[in-house]
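This report concerns only the one structure given below.
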Amino acid sequence: MRFISHLDMTRFMARAIRRAELPVWYTEGFNPHLYMTFALPLSLGFESDYSVLDIRVLDDDYDISTIPEKLNAVCPPYIRFFDVAEPMKKAGDVAAAEFNITFDDNGEIAENLNAFLCRGSILVLKKTKKGGEKEIEVGDKIHHFSLENADGNTVLKIKLPAGSTENLNPELYLNKFFEESGKYYCYKINRTGIFDTNGKPFK
C-alpha cells in the first residue's frame with residue numbers, strides 16, 4: 001500500500017464508500033462528486049497506522065458506529081477502519097505528525113543519528129510550490145524524537161510539524177543525514193499519529 005499514490009487512494013475510497021452503500025453527501029451540479037477529505041495526505045512510500053477521512057452522511061439519525069464494519073467488509077485486509085466519530089476539528093487544525101522510521105542497519109547508525117538530530121542547526125533543500133528549491137533551517141523544528149533498537153535495527157520515533165501552515169517530510173532529515181555520513185541505509189516510514197494545535201490526537 002505504501003506505493004499507492006494519494007490520488008489513487010482517493011479513487012479507491014470513493015469506490016469503497018459506494019460499495020458499502022453509505023448514505024453520503026454528494027456535491028450538486030452537472031457532475032456531482034462525493035464529499036470526502038483526508039485530513040493529512042500520505043506521502044508516496046509511507047505506511048500509516050493513523051489516517052483520518054472526513055465524509056458527510058445525509059441522515060442525521062444514521063448510526064455512524066456501523067461505518068467501520070461496513071467499510072472493512074468491502075476493503076482488502078491491508079486497509080482497515082478502526083473508529084468513527086463526529087468531527088471535532090477541521091483539516092486546517094492539523095499541526096503535527098509522528099513517525100516510526102525503521103532502518104535496516106544492524107544498529108550501526110543510532111549514535112551518529114542521535115548526534116545529527118541533537119545539533120543546533122540542520123539546513124536542507126526543500127522544493128517550493130513553483131518547482132524551485134530553497135534552503136531552510138529544520139534543526140529547531142523537531143517536536144521530539146527518540147531512538148530504540150528493534151530486532152537489532154535502529155528505530156527512530158520523531159514528531160514533526162505537519163499541515164497547511166508548515167509541513168516537514170521526515171525524508172528531508174534522512175536525506176541530509178545520509179548525504180553527510182556518505183552512507184545510505186534502507187528504511188521504512190510509518191506514520192503513527194496526527195495531532196492538532198493543542199498537541200492532542202486529531203479527530
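By order of appearance in the C-alpha cells: chains A, B, ..., then residues from 1 within every chain, and ligands from 1 in the order shown.
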Give me the residues near region 101-105 of chain A as a list in words, where near means some atom within 7 Å (using only C-alpha atoms) and where sequence neighbours in that chain fewer than 2 positions away do not count.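 Counting only C-alpha atoms, the residues come to Phe99, Gly107, Glu108, Ile109, Asn153, Thr154, Val155, Leu156, Lys157, Tyr185, Cys186, Tyr187, Lys188, Ile189 and Asn190 of chain A.
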Looking only at the backbone, which of the residues in region 43-190 of chain A does DSSP tag as helix (DSSP H, G or I), as JSON, numbers by chain? {"A": [64, 65, 66, 67, 68, 69, 70, 71, 72, 73, 74, 91, 92, 93, 110, 111, 112, 113, 114, 115, 116, 117, 118, 170, 171, 172, 173, 174, 175, 176, 177, 178, 179, 180, 181]}
Record the distance separating CA of Asp83 (chain A) and CA of Asp196 (chain A), expressed in Å with one decimal.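 Straight-line distance from CA of Asp83 (chain A) to CA of Asp196 (chain A) works out to 17.8 Å.
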So that I can check the surroundings of Asn198 (chain A), please list as a PDB file with N, CA, C and O atoms, in the first residue's frame every protein, DNA and RNA residue that reaches within 12 Å of it, counting only C-alpha atoms and ignoring chain neighbours fewer than 2 positions away.
ATOM      1  N   LYS A  89     -12.494  18.720  14.785  1.00  0.00           N
ATOM      2  CA  LYS A  89     -11.617  19.736  14.225  1.00  0.00           C
ATOM      3  C   LYS A  89     -11.736  19.732  12.702  1.00  0.00           C
ATOM      4  O   LYS A  89     -12.207  18.773  12.104  1.00  0.00           O
ATOM      5  N   ASP A  93      -6.686  22.423  11.191  1.00  0.00           N
ATOM      6  CA  ASP A  93      -6.195  22.391  12.568  1.00  0.00           C
ATOM      7  C   ASP A  93      -5.093  21.371  12.777  1.00  0.00           C
ATOM      8  O   ASP A  93      -4.563  21.259  13.882  1.00  0.00           O
ATOM      9  N   VAL A  94      -4.757  20.599  11.741  1.00  0.00           N
ATOM     10  CA  VAL A  94      -3.644  19.665  11.854  1.00  0.00           C
ATOM     11  C   VAL A  94      -2.355  20.451  12.028  1.00  0.00           C
ATOM     12  O   VAL A  94      -2.081  21.401  11.284  1.00  0.00           O
ATOM     13  N   ALA A  95      -1.544  20.069  13.033  1.00  0.00           N
ATOM     14  CA  ALA A  95      -0.328  20.829  13.332  1.00  0.00           C
ATOM     15  C   ALA A  95       0.930  19.971  13.371  1.00  0.00           C
ATOM     16  O   ALA A  95       2.034  20.507  13.255  1.00  0.00           O
ATOM     17  N   ALA A  96       0.786  18.650  13.547  1.00  0.00           N
ATOM     18  CA  ALA A  96       1.986  17.810  13.672  1.00  0.00           C
ATOM     19  C   ALA A  96       1.660  16.362  13.325  1.00  0.00           C
ATOM     20  O   ALA A  96       0.489  15.948  13.331  1.00  0.00           O
ATOM     21  N   ILE A 194      -1.419  11.787  14.196  1.00  0.00           N
ATOM     22  CA  ILE A 194      -1.667  13.131  13.682  1.00  0.00           C
ATOM     23  C   ILE A 194      -2.198  13.951  14.851  1.00  0.00           C
ATOM     24  O   ILE A 194      -3.070  13.482  15.601  1.00  0.00           O
ATOM     25  N   PHE A 195      -1.700  15.186  15.010  1.00  0.00           N
ATOM     26  CA  PHE A 195      -2.038  15.977  16.190  1.00  0.00           C
ATOM     27  C   PHE A 195      -2.525  17.366  15.809  1.00  0.00           C
ATOM     28  O   PHE A 195      -2.129  17.927  14.779  1.00  0.00           O
ATOM     29  N   ASP A 196      -3.378  17.928  16.679  1.00  0.00           N
ATOM     30  CA  ASP A 196      -3.900  19.269  16.424  1.00  0.00           C
ATOM     31  C   ASP A 196      -3.013  20.324  17.067  1.00  0.00           C
ATOM     32  O   ASP A 196      -1.933  20.019  17.616  1.00  0.00           O
ATOM     33  N   LYS A 200      -3.079  17.396  20.842  1.00  0.00           N
ATOM     34  CA  LYS A 200      -3.933  16.229  21.058  1.00  0.00           C
ATOM     35  C   LYS A 200      -4.153  15.479  19.762  1.00  0.00           C
ATOM     36  O   LYS A 200      -4.094  16.080  18.681  1.00  0.00           O
ATOM     37  N   PRO A 201      -4.416  14.152  19.827  1.00  0.00           N
ATOM     38  CA  PRO A 201      -4.684  13.391  18.599  1.00  0.00           C
ATOM     39  C   PRO A 201      -5.803  14.035  17.796  1.00  0.00           C
ATOM     40  O   PRO A 201      -6.858  14.377  18.339  1.00  0.00           O
ATOM     41  N   PHE A 202      -5.569  14.204  16.491  1.00  0.00           N
ATOM     42  CA  PHE A 202      -6.546  14.871  15.645  1.00  0.00           C
ATOM     43  C   PHE A 202      -7.720  13.949  15.375  1.00  0.00           C
ATOM     44  O   PHE A 202      -7.559  12.801  14.971  1.00  0.00           O
TER      45      PHE A 202
END
My list of candidates is A:Asn169, A:Tyr184, A:His33, A:Lys203. Which is closest to Arg18 (chain A) when distances are computed with only C-alpha atoms? A:His33
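Within 12 Å of Glu180 (chain A), once only C-alpha atoms are used and residues closer than 3 positions along the same chain are dropped, the contacting residues are Asn112, Leu113, Phe116, Ile122, Leu123, Val124, Tyr173, Leu174, Asn175, Lys176, Phe177, Lys183 and Tyr184 of chain A.
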Rank nothing, just name the residue among A:Ala162, A:Glu47, A:Ile4, A:Ile55 nearest to Tyr26 (chain A), using only C-alpha atoms. A:Ile55
Residues near Leu22 (chain A), cut-off 9 Å, only C-alpha atoms, skip fewer than 6 positions along chain, as a short mmCIF file (atom, residue, chain, number, x, y, z; two decimals) with C-alpha atoms, in the first residue's frame:
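Just written: part-v2.cif:
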data_model
loop_
_atom_site.label_atom_id
_atom_site.label_comp_id
_atom_site.auth_asym_id
_atom_site.auth_seq_id
_atom_site.Cartn_x
_atom_site.Cartn_y
_atom_site.Cartn_z
CA VAL A 57 -23.79 11.40 5.88
CA ILE A 67 -19.47 2.62 9.31
CA LYS A 70 -19.34 -1.79 6.61
CA LEU A 71 -16.17 -0.34 5.08
#
Nearest-residue call for Met1 (chain A), choices A:Lys129, A:Lys90, A:Arg80, A:Lys159, using only C-alpha atoms: A:Arg80
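Closest approach to Tyr78 (chain A) from the set A:Gly182, A:Asp49, A:Leu168, A:Thr37 is made by A:Asp49, with distances taken over only C-alpha atoms.
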Would you return as a PyMOL selection string the members of region 15-202 of chain A that DSSP assigns to strand (DSSP E or B) on this structure's backbone? chain A and resi 24+26+34+36-38+47-48+53-55+57+94-103+123-127+133-137+144-150+153-161+187-196+201
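Atom pair CA of His143 (chain A) / CA of Leu160 (chain A) has a distance of 5.7 Å (rounded to one decimal).
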